[in-house]
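Structure file coords-v4.txt with compact mmCIF, C-alpha atoms:
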```
# COMPACT_ATOMS: atom_id res chain seq x y z
CA MET F 1 161.75 89.86 150.69
CA ILE F 2 158.52 90.20 152.63
CA ARG F 3 160.18 92.35 155.25
CA ARG F 4 161.49 94.66 152.57
CA TYR F 5 158.57 94.67 150.17
CA TRP F 6 155.66 94.78 152.62
CA TRP F 7 154.52 97.99 150.97
CA VAL F 8 153.39 95.97 147.95
CA ALA F 9 150.83 94.30 150.23
CA GLY F 10 149.81 97.69 151.61
CA LEU F 11 149.33 99.06 148.11
CA ALA F 12 147.31 95.94 147.23
CA VAL F 13 144.90 96.76 150.06
CA ALA F 14 144.34 100.22 148.56
CA VAL F 15 143.81 98.70 145.11
CA LEU F 16 141.31 96.17 146.49
CA VAL F 17 139.39 98.92 148.28
CA VAL F 18 138.96 100.71 144.95
CA VAL F 19 138.15 97.63 142.88
CA ILE F 20 135.75 95.95 145.32
CA LEU F 21 134.30 98.70 147.49
CA ALA F 22 134.24 101.82 145.31
CA PRO F 23 131.43 100.56 143.04
CA LEU F 24 129.38 99.78 146.15
CA ALA F 25 129.86 103.21 147.71
CA SER F 26 126.75 105.11 148.72
CA SER F 27 125.70 107.91 146.40
CA GLU F 28 123.60 109.62 149.03
CA PRO F 29 124.63 113.24 149.66
CA ASP F 30 127.51 113.34 152.12
CA GLY F 31 127.58 115.28 155.36
CA LEU F 32 128.36 118.73 154.00
CA GLU F 33 126.19 118.22 150.91
CA ARG F 34 123.24 117.13 153.05
CA VAL F 35 123.59 120.17 155.28
CA ALA F 36 123.94 122.42 152.21
CA ILE F 37 120.73 121.01 150.74
CA ASP F 38 118.78 121.07 154.01
CA THR F 39 119.81 124.58 155.02
CA GLY F 40 119.62 125.98 151.52
CA PHE F 41 123.08 126.91 150.30
CA ALA F 42 123.74 123.93 148.03
CA ASP F 43 123.12 126.01 144.91
CA GLN F 44 126.01 128.31 145.81
CA GLY F 45 128.52 125.60 144.94
CA THR F 46 130.18 126.13 141.59
CA THR F 47 131.61 123.48 139.31
CA ALA F 48 135.26 123.38 138.37
CA ALA F 49 136.47 125.44 135.42
CA TYR F 50 138.03 122.35 133.88
CA SER F 51 137.72 118.62 134.39
CA ILE F 52 140.23 115.82 134.07
CA LEU F 53 138.73 112.85 135.91
CA PRO F 54 135.52 114.51 137.15
CA ASP F 55 133.80 112.81 140.07
CA TYR F 56 136.13 109.83 139.83
CA SER F 57 135.30 108.87 136.29
CA VAL F 58 137.28 108.61 133.07
CA PRO F 59 135.36 110.69 130.51
CA PHE F 60 135.77 108.29 127.57
CA LEU F 61 134.72 105.31 129.73
CA GLY F 62 131.37 106.83 130.66
CA ASP F 63 130.26 106.76 134.28
CA GLY F 64 129.87 103.07 135.03
CA PRO F 65 131.82 101.07 137.60
CA VAL F 66 134.71 100.39 135.22
CA SER F 67 135.26 104.10 134.69
CA LEU F 68 135.11 104.63 138.46
CA ILE F 69 137.61 101.86 139.17
CA VAL F 70 140.07 103.01 136.49
CA ALA F 71 139.91 106.60 137.76
CA GLY F 72 140.38 105.38 141.32
CA LEU F 73 143.39 103.27 140.42
CA VAL F 74 144.98 106.21 138.59
CA GLY F 75 144.52 108.25 141.77
CA VAL F 76 145.90 105.53 144.05
CA GLY F 77 148.99 105.13 141.88
CA LEU F 78 149.53 108.84 141.54
CA VAL F 79 149.13 109.64 145.24
CA PHE F 80 151.38 106.72 146.17
CA GLY F 81 154.14 107.80 143.79
CA LEU F 82 153.87 111.48 144.66
CA VAL F 83 154.03 110.96 148.41
CA TRP F 84 156.82 108.39 148.15
CA LEU F 85 158.85 110.85 146.10
CA LEU F 86 158.10 113.65 148.55
CA GLY F 87 159.17 111.43 151.44
CA ARG F 88 162.37 110.43 149.67
CA VAL F 89 163.33 114.02 149.10
CA LEU F 90 162.65 114.95 152.72
CA ALA F 91 164.00 111.86 154.45
CA ARG F 92 167.54 112.00 155.60
CA ARG F 93 169.71 109.16 154.48
CA THR F 94 169.90 106.46 157.08
CA GLN F 95 172.00 103.42 157.58
CA PRO F 96 170.04 100.36 156.51
CA THR F 97 169.67 97.98 159.42
CA ASP F 98 167.26 95.43 158.03
CA MET K 1 134.14 83.84 131.70
CA ALA K 2 130.40 84.21 131.42
CA MET K 3 130.31 84.76 135.15
CA LEU K 4 132.95 87.44 134.94
CA PHE K 5 130.93 89.17 132.25
CA ALA K 6 127.82 88.93 134.36
CA LEU K 7 129.70 90.47 137.25
CA VAL K 8 130.93 93.39 135.19
CA SER K 9 127.57 94.06 133.61
CA ILE K 10 125.62 94.18 136.87
CA PRO K 11 123.89 97.54 136.73
CA VAL K 12 125.18 99.73 139.51
CA PRO K 13 122.70 102.53 140.04
CA GLN K 14 124.81 104.51 142.47
CA VAL K 15 128.07 105.61 140.91
CA ALA K 16 130.00 108.75 141.52
CA PRO K 17 130.97 109.25 145.14
CA THR K 18 130.50 112.89 146.01
CA PHE K 19 132.60 115.44 147.77
CA GLY K 20 132.73 114.25 151.39
CA LEU K 21 133.56 117.11 153.65
CA HIS K 22 135.16 118.52 150.49
CA ALA K 23 133.83 122.02 149.93
CA PRO K 24 133.32 123.04 146.31
CA ASP K 25 134.15 126.57 145.27
CA GLY K 26 131.35 129.04 145.96
CA PHE K 27 130.57 127.91 149.51
CA LEU K 28 133.27 130.13 150.97
CA SER K 29 133.88 133.82 150.38
CA ALA K 30 137.20 134.80 148.80
CA PRO K 31 138.64 136.34 152.00
CA VAL K 32 137.80 133.24 154.06
CA ALA K 33 139.12 130.89 151.36
CA LEU K 34 142.36 132.87 151.08
CA ALA K 35 142.79 133.00 154.85
CA MET K 36 142.47 129.21 154.96
CA TRP K 37 144.99 128.90 152.14
CA LEU K 38 147.37 130.99 154.24
CA VAL K 39 146.88 128.74 157.28
CA ALA K 40 147.41 125.64 155.13
CA ILE K 41 150.59 127.01 153.54
CA VAL K 42 152.08 127.99 156.89
CA VAL K 43 151.37 124.62 158.50
CA VAL K 44 152.65 122.69 155.48
CA ALA K 45 155.83 124.79 155.47
CA VAL K 46 156.33 124.12 159.17
CA SER K 47 155.74 120.40 158.54
CA VAL K 48 158.36 120.29 155.80
CA ARG K 49 160.86 122.02 158.08
CA ARG K 50 160.08 119.79 161.04
CA MET K 51 160.36 116.70 158.87
CA GLY K 52 163.69 117.58 157.33
CA GLY K 53 166.16 115.47 159.22
CA SER K 54 163.61 113.83 161.47
CA LEU K 55 162.01 111.41 159.04
CA ASP K 56 163.42 107.93 159.02
CA GLU K 57 163.97 106.68 155.50
CA ARG K 58 162.23 103.46 156.44
CA ALA K 59 159.04 105.45 156.99
CA VAL K 60 158.91 106.61 153.35
CA PRO K 61 157.17 103.49 151.95
CA LEU K 62 154.67 103.77 154.82
CA MET K 63 153.95 107.35 153.78
CA GLY K 64 153.19 106.20 150.24
CA VAL K 65 151.00 103.31 151.35
CA THR K 66 149.12 105.46 153.87
CA ALA K 67 148.41 108.08 151.23
CA ALA K 68 147.25 105.45 148.71
CA PHE K 69 144.96 103.84 151.29
CA ILE K 70 143.46 107.16 152.40
CA PHE K 71 142.81 108.18 148.80
CA ALA K 72 141.10 104.84 148.12
CA ALA K 73 139.11 104.89 151.37
CA GLN K 74 137.88 108.43 150.72
CA MET K 75 136.11 107.07 147.62
CA ILE K 76 134.01 104.80 149.81
CA ASN K 77 130.97 106.68 151.01
CA PHE K 78 129.16 104.71 153.64
CA PRO K 79 125.52 105.45 154.39
CA VAL K 80 124.46 107.04 157.66
CA VAL K 81 120.88 107.74 158.68
CA GLY K 82 118.69 110.30 156.97
CA GLY K 83 119.77 109.79 153.35
CA THR K 84 123.28 110.96 154.10
CA SER K 85 126.66 109.39 153.54
CA GLY K 86 130.18 109.96 154.79
CA HIS K 87 133.65 108.68 154.15
CA LEU K 88 136.93 108.31 155.96
CA LEU K 89 139.13 111.36 156.32
CA GLY K 90 142.14 109.42 157.60
CA ALA K 91 144.08 112.32 159.10
CA VAL K 92 144.29 110.80 162.57
CA LEU K 93 145.34 107.46 161.08
CA ALA K 94 148.08 109.19 159.08
CA ALA K 95 149.34 111.10 162.11
CA ILE K 96 149.37 108.03 164.37
CA LEU K 97 151.37 106.08 161.79
CA LEU K 98 153.70 108.83 160.62
CA GLY K 99 153.59 111.61 163.17
CA PRO K 100 151.86 114.98 162.69
CA TRP K 101 154.36 116.45 160.20
CA ALA K 102 154.58 113.60 157.71
CA GLY K 103 150.86 113.01 158.30
CA THR K 104 150.16 116.61 157.29
CA LEU K 105 152.07 116.18 154.04
CA VAL K 106 150.22 112.94 153.26
CA MET K 107 146.80 114.56 153.79
CA THR K 108 147.76 117.66 151.82
CA SER K 109 148.95 115.53 148.90
CA VAL K 110 145.74 113.48 148.86
CA ILE K 111 143.49 116.53 148.99
CA ALA K 112 145.54 118.34 146.33
CA VAL K 113 145.33 115.41 143.91
CA GLN K 114 141.57 115.11 144.55
CA ALA K 115 141.02 118.77 143.74
CA LEU K 116 143.42 119.07 140.81
CA LEU K 117 142.64 115.84 138.99
CA PHE K 118 139.26 114.65 140.20
CA GLN K 119 137.52 118.00 140.68
CA ASP K 120 136.66 116.79 144.19
CA GLY K 121 136.75 119.99 146.23
CA GLY K 122 137.29 123.43 144.74
CA LEU K 123 140.63 125.05 143.96
CA LEU K 124 139.93 128.24 145.91
CA ALA K 125 138.44 126.07 148.66
CA MET K 126 141.45 123.74 148.68
CA GLY K 127 143.11 125.60 151.55
CA ALA K 128 139.99 125.19 153.68
CA ASN K 129 139.69 121.54 152.69
CA ILE K 130 143.31 120.90 153.65
CA VAL K 131 142.72 122.55 157.02
CA ASN K 132 139.34 120.92 157.76
CA MET K 133 140.08 117.39 156.59
CA GLY K 134 143.83 117.31 157.08
CA LEU K 135 145.45 119.64 159.57
CA VAL K 136 142.62 119.58 162.11
CA GLY K 137 143.17 115.83 162.35
CA THR K 138 146.93 115.56 161.95
CA ILE K 139 147.63 118.30 164.49
CA GLY K 140 144.51 118.55 166.71
CA GLY K 141 143.39 114.94 166.40
CA TYR K 142 146.91 113.72 167.03
CA ALA K 143 147.19 115.86 170.16
CA ILE K 144 143.95 114.31 171.41
CA TYR K 145 145.33 110.86 170.59
CA ARG K 146 148.51 111.44 172.57
CA PHE K 147 146.55 112.87 175.49
CA MET K 148 144.08 109.97 175.53
CA ALA K 149 146.83 107.38 175.15
CA GLY K 150 148.59 108.97 178.11
CA LEU K 151 145.43 108.76 180.19
CA LEU K 152 145.03 105.11 179.27
CA GLY K 153 148.50 104.16 180.46
CA GLY K 154 150.61 104.53 177.36
CA GLU K 155 150.36 104.08 173.64
CA THR K 156 150.83 100.31 173.59
CA LYS K 157 147.93 99.77 175.98
CA GLY K 158 145.69 102.61 174.88
CA ARG K 159 146.36 102.78 171.16
CA LEU K 160 143.00 101.63 169.82
CA PRO K 161 140.61 103.40 172.22
CA ALA K 162 142.68 106.59 172.02
CA ALA K 163 142.62 106.36 168.22
CA ALA K 164 138.85 105.88 168.23
CA VAL K 165 138.25 108.97 170.36
CA ALA K 166 140.72 111.07 168.38
CA ALA K 167 139.29 109.96 165.02
CA TRP K 168 135.75 110.82 166.06
CA ALA K 169 136.85 114.14 167.56
CA ALA K 170 138.82 115.08 164.44
CA VAL K 171 135.72 114.66 162.26
CA MET K 172 133.74 116.82 164.69
CA LEU K 173 136.46 119.47 164.79
CA GLY K 174 136.60 119.43 160.99
CA ALA K 175 132.83 119.91 160.84
CA LEU K 176 133.14 122.72 163.39
CA ALA K 177 135.86 124.41 161.32
CA MET K 178 133.78 124.06 158.15
CA SER K 179 130.76 125.57 159.94
CA LEU K 180 132.78 128.53 161.17
CA GLU K 181 134.17 129.11 157.68
CA LEU K 182 130.70 128.94 156.12
CA ALA K 183 129.32 131.37 158.70
CA ALA K 184 132.28 133.75 158.32
CA SER K 185 131.69 133.66 154.57
CA GLY K 186 128.09 134.76 155.05
CA THR K 187 126.91 131.64 153.23
CA THR K 188 124.72 130.71 156.17
CA THR K 189 124.51 131.45 159.87
CA LEU K 190 126.30 129.55 162.57
CA ALA K 191 123.01 128.91 164.39
CA VAL K 192 121.69 127.10 161.33
CA VAL K 193 124.76 125.30 160.08
CA LEU K 194 126.53 124.26 163.28
CA PRO K 195 123.88 121.92 164.75
CA ALA K 196 123.31 120.36 161.33
CA MET K 197 126.99 119.82 160.64
CA LEU K 198 127.79 118.47 164.10
CA GLY K 199 124.71 116.23 164.14
CA THR K 200 125.54 114.65 160.80
CA HIS K 201 129.24 114.32 161.50
CA ALA K 202 128.72 112.79 164.93
CA LEU K 203 127.53 109.75 162.96
CA ILE K 204 130.13 109.98 160.20
CA GLY K 205 132.77 110.21 162.93
CA ILE K 206 131.77 106.76 164.18
CA GLY K 207 132.66 105.39 160.75
CA GLU K 208 135.94 107.27 160.93
CA ALA K 209 136.69 105.69 164.31
CA VAL K 210 135.80 102.18 163.11
CA VAL K 211 138.02 102.35 160.00
CA THR K 212 140.90 103.99 161.88
CA VAL K 213 140.83 101.35 164.62
CA ALA K 214 140.48 98.51 162.08
CA ALA K 215 143.48 99.73 160.09
CA LEU K 216 145.62 100.09 163.23
CA ALA K 217 144.52 96.68 164.55
CA LEU K 218 145.39 95.08 161.21
CA ILE K 219 148.85 96.64 161.18
CA ALA K 220 149.39 95.70 164.83
CA SER K 221 148.64 92.07 164.07
CA VAL K 222 150.60 91.81 160.81
CA ARG K 223 153.51 94.24 161.10
CA PRO K 224 153.60 95.80 164.58
CA ASP K 225 157.05 97.24 163.83
CA LEU K 226 155.41 99.70 161.42
CA LEU K 227 153.65 101.27 164.38
CA THR K 228 156.96 102.37 165.86
CA LEU K 229 158.42 103.89 162.69
CA ARG K 230 157.09 107.26 163.79
CA GLU K 231 159.28 107.12 166.88
CA ARG K 232 162.43 106.18 165.03
CA ARG K 233 164.98 108.81 164.28
CA PRO K 234 167.45 108.56 161.45
CA THR K 235 170.81 107.14 162.43
CA ARG K 236 173.38 108.71 160.21
CA ALA K 237 175.83 106.32 158.62
CA ALA K 238 178.79 108.67 158.81
CA ALA K 239 177.87 110.78 161.80
CA PRO K 240 179.93 110.18 164.92
CA ALA K 241 178.73 111.18 168.35
CA LEU K 242 179.43 114.86 167.68
CA GLY K 243 176.24 116.40 168.97
CA MET K 244 174.15 113.77 167.24
CA THR K 245 172.08 112.83 170.22
CA GLU K 246 169.22 110.43 169.70
CA SER K 247 166.56 112.63 171.15
CA GLN K 248 162.94 111.79 171.39
CA PRO K 249 160.48 114.65 171.06
```

Could you spell out this file's structure in structure tokens?
Amino acid sequence: MIRRYWWVAGLAVAVLVVVILAPLASSEPDGLERVAIDTGFADQGTTAAYSILPDYSVPFLGDGPVSLIVAGLVGVGLVFGLVWLLGRVLARRTQPTD
Amino acid sequence: MAMLFALVSIPVPQVAPTFGLHAPDGFLSAPVALAMWLVAIVVVAVSVRRMGGSLDERAVPLMGVTAAFIFAAQMINFPVVGGTSGHLLGAVLAAILLGPWAGTLVMTSVIAVQALLFQDGGLLAMGANIVNMGLVGTIGGYAIYRFMAGLLGGETKGRLPAAAVAAWAAVMLGALAMSLELAASGTTTLAVVLPAMLGTHALIGIGEAVVTVAALALIASVRPDLLTLRERRPTRAAAPALGMTESQP
């Protein structure tokens, strides 16, 4: 079981990162943003024409940590499923040896 | 229960993580942004072709988990000096675990979801973001990793130090690429932006190296077999010896 379903543990790590660490993340400007501010081209950035989960928040949940965590978990699940599916399509069938 | 409530209601002043090395639209001129889109499309197409028939089915769950972890880790901005923060890119980690081609598809998927759903990185700028944060690491960073591992006497011996160097270098190369794109766009000049970008990302790259090494060390101690999935080639159930040589790249 554990040999076959190790990916559940891997996914749990990603979930824990979102739930525990995301609310603690620094909100200081990041590298590019800092450089953009310091060298004076920050105001050239435009905002998106639409927004679904803008800045990792769920609009109807406000912008507190719960909103951030829910948005993050949606992203983790979506990316996981999407890439798994992509891999499945591209992987050649192999003989199971485990 | 009361404690749980107290935990949830702790005021958290800093909320939304920002766009990392993610460029919003407007920083790059249309020609530069489109050129980067072209580069991204070509490399992704090559990756899909190279992967077809070379990806072991057992590596598919690892692709999903790697993508999920990188997405989660990119939300975690860690502070560096001077009121600046940075987060993991993860491209070198993805390439070490999955190889450059599958690693490229993982990074592209993560960056696409961030831009499309989370408005993290612009749509026109998505090509540049895929190149800077993904391909530079999965192709260039991975090449540095293999070279360093070779110098250190093989991957088993040199995995962690080679990964650290490659992870740091990939962040620097990404910052260099971003600087060149900004200068080519006329947004700023290279003389202004390059020292600032490299200076800031020299520090962010240390964080990249630490997280990359920690993730690899964890996997090596818990499931070392996952580290060799990249090397495995599919063994066809119904394919006799007819030209089906088990070749290593």

Problem set entry | Residue nearest Val136 of chain K among K:Leu117, K:Leu226, K:Ala95, K:Ile206 (counting all atoms listed in the file) |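 Looking at the shortest contact to Val136 of chain K, the residue is K:Ala95.
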
Find the residues of chain F in contact range of chain K, meaning any atom within 6 Å when counting all atoms listed in the file, and list them as a PDB file with C-alpha atoms, in the coordinates of the input.
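Output below, filename selection_6.pdb:
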```pdb
ATOM      1  CA  GLY F  10     149.810  97.690 151.610  1.00  0.00           C
ATOM      2  CA  LEU F  11     149.330  99.060 148.110  1.00  0.00           C
ATOM      3  CA  ALA F  14     144.340 100.220 148.560  1.00  0.00           C
ATOM      4  CA  VAL F  18     138.960 100.710 144.950  1.00  0.00           C
ATOM      5  CA  ALA F  22     134.240 101.820 145.310  1.00  0.00           C
ATOM      6  CA  ALA F  25     129.860 103.210 147.710  1.00  0.00           C
ATOM      7  CA  SER F  26     126.750 105.110 148.720  1.00  0.00           C
ATOM      8  CA  SER F  27     125.700 107.910 146.400  1.00  0.00           C
ATOM      9  CA  GLU F  28     123.600 109.620 149.030  1.00  0.00           C
ATOM     10  CA  PRO F  29     124.630 113.240 149.660  1.00  0.00           C
ATOM     11  CA  ASP F  30     127.510 113.340 152.120  1.00  0.00           C
ATOM     12  CA  GLY F  31     127.580 115.280 155.360  1.00  0.00           C
ATOM     13  CA  LEU F  32     128.360 118.730 154.000  1.00  0.00           C
ATOM     14  CA  GLN F  44     126.010 128.310 145.810  1.00  0.00           C
ATOM     15  CA  GLY F  45     128.520 125.600 144.940  1.00  0.00           C
ATOM     16  CA  THR F  46     130.180 126.130 141.590  1.00  0.00           C
ATOM     17  CA  ILE F  52     140.230 115.820 134.070  1.00  0.00           C
ATOM     18  CA  LEU F  53     138.730 112.850 135.910  1.00  0.00           C
ATOM     19  CA  PRO F  54     135.520 114.510 137.150  1.00  0.00           C
ATOM     20  CA  ASP F  55     133.800 112.810 140.070  1.00  0.00           C
ATOM     21  CA  TYR F  56     136.130 109.830 139.830  1.00  0.00           C
ATOM     22  CA  VAL F  76     145.900 105.530 144.050  1.00  0.00           C
ATOM     23  CA  VAL F  79     149.130 109.640 145.240  1.00  0.00           C
ATOM     24  CA  PHE F  80     151.380 106.720 146.170  1.00  0.00           C
ATOM     25  CA  VAL F  83     154.030 110.960 148.410  1.00  0.00           C
ATOM     26  CA  TRP F  84     156.820 108.390 148.150  1.00  0.00           C
ATOM     27  CA  GLY F  87     159.170 111.430 151.440  1.00  0.00           C
ATOM     28  CA  LEU F  90     162.650 114.950 152.720  1.00  0.00           C
ATOM     29  CA  ALA F  91     164.000 111.860 154.450  1.00  0.00           C
ATOM     30  CA  ARG F  92     167.540 112.000 155.600  1.00  0.00           C
ATOM     31  CA  THR F  94     169.900 106.460 157.080  1.00  0.00           C
ATOM     32  CA  GLN F  95     172.000 103.420 157.580  1.00  0.00           C
TER      33      GLN F  95
END
```

Problem set entry | Distance query segment 90-92 of chain K at most 9 Å, all atoms listed in the file, self and fewer than 2 positions along chain excluded, as an NGL selection string | :K and (66 or 69-71 or 73-74 or 88 or 94-97 or 100 or 103-104 or 106-107 or 133-142 or 145 or 163 or 166-167 or 170 or 208 or 211-212)

Problem set entry | Separation of atom CA of Ala125 of chain K from atom CA of Ala183 of chain K, in Å and rounded to one decimal |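 Separation between atom CA of Ala125 of chain K and atom CA of Ala183 of chain K: 14.6 Å.
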
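You will find atom CA of Leu85 of chain F at 28.8 Å from atom CA of Ala49 of chain F.
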
Six-sided padding of 4 Å per side, axis-aligned box over segment 36-49 of chain K, centre and edges in Å, one decimal, as JSON:
```
{"center_x": 151.7, "center_y": 125.6, "center_z": 155.7, "size_x": 26.4, "size_y": 18.7, "size_z": 15.0}
```

For this session: Have a look at atom CA of Arg146 of chain K and atom CA of Ala35 of chain K and let me know their distance in Å, one decimal.
Result: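 Answer for the atom CA of Arg146 of chain K to atom CA of Ala35 of chain K separation: 28.5 Å.
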
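Nearest residue to Val17 of chain F, choosing from F:Leu78, F:Thr47, F:Leu73, F:Arg88 and counting only C-alpha atoms: F:Leu73.
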
Exercise. Of the candidates K:Leu34, K:Ala177, K:Ala191, K:Val222, which one gets nearest to Val131 of chain K if we count all atoms listed in the file?
Worked result: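 Going through K:Leu34, K:Ala177, K:Ala191, K:Val222 one by one, the smallest distance to Val131 of chain K is for K:Ala177.
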
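Using only C-alpha atoms, the shortest contact distance between Leu38 of chain K and any of K:Ala128, K:Met148, K:Val210, K:Ala162 is found at K:Ala128.
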
Problem set entry | Of the listed residues K:Gly127, K:Leu160, K:Ser221, K:Leu216, that which approaches Pro31 of chain K most closely, counting all atoms listed in the file |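 Nearest candidate to Pro31 of chain K out of K:Gly127, K:Leu160, K:Ser221, K:Leu216: K:Gly127.
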
Exercise. In terms of the shortest atom-to-atom distance over all atoms listed in the file, which of K:Ala220, K:Ala164, K:Leu227, K:Leu180 is closest to Gly205 of chain K?
Worked result: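 Smallest separation from Gly205 of chain K among the options: K:Ala164.
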
Just so I have it separately, write segment 184-209 of chain K from the block I sent, keeping C-alpha atoms, as a compact mmCIF listing (two decimals), in the first residue's frame.
```txt
# COMPACT_ATOMS: atom_id res chain seq x y z
CA ALA K 184 15.18 44.88 -24.66
CA SER K 185 11.66 46.13 -23.95
CA GLY K 186 12.98 49.60 -23.21
CA THR K 187 11.40 49.45 -19.75
CA THR K 188 14.74 50.23 -18.16
CA THR K 189 18.40 49.99 -19.04
CA LEU K 190 20.58 46.98 -18.50
CA ALA K 191 23.09 49.06 -16.52
CA VAL K 192 20.37 49.93 -14.03
CA VAL K 193 18.41 46.72 -13.83
CA LEU K 194 21.10 44.04 -14.07
CA PRO K 195 23.07 44.82 -10.89
CA ALA K 196 19.84 45.25 -8.94
CA MET K 197 18.31 42.02 -10.19
CA LEU K 198 21.47 39.95 -9.71
CA GLY K 199 22.16 41.45 -6.29
CA THR K 200 18.68 40.67 -5.00
CA HIS K 201 18.51 37.23 -6.57
CA ALA K 202 21.93 36.21 -5.30
CA LEU K 203 20.22 36.13 -1.90
CA ILE K 204 16.94 34.62 -3.10
CA GLY K 205 19.00 31.93 -4.83
CA ILE K 206 20.36 30.81 -1.46
CA GLY K 207 16.79 30.11 -0.38
CA GLU K 208 16.26 28.22 -3.62
CA ALA K 209 19.34 26.11 -2.92
```
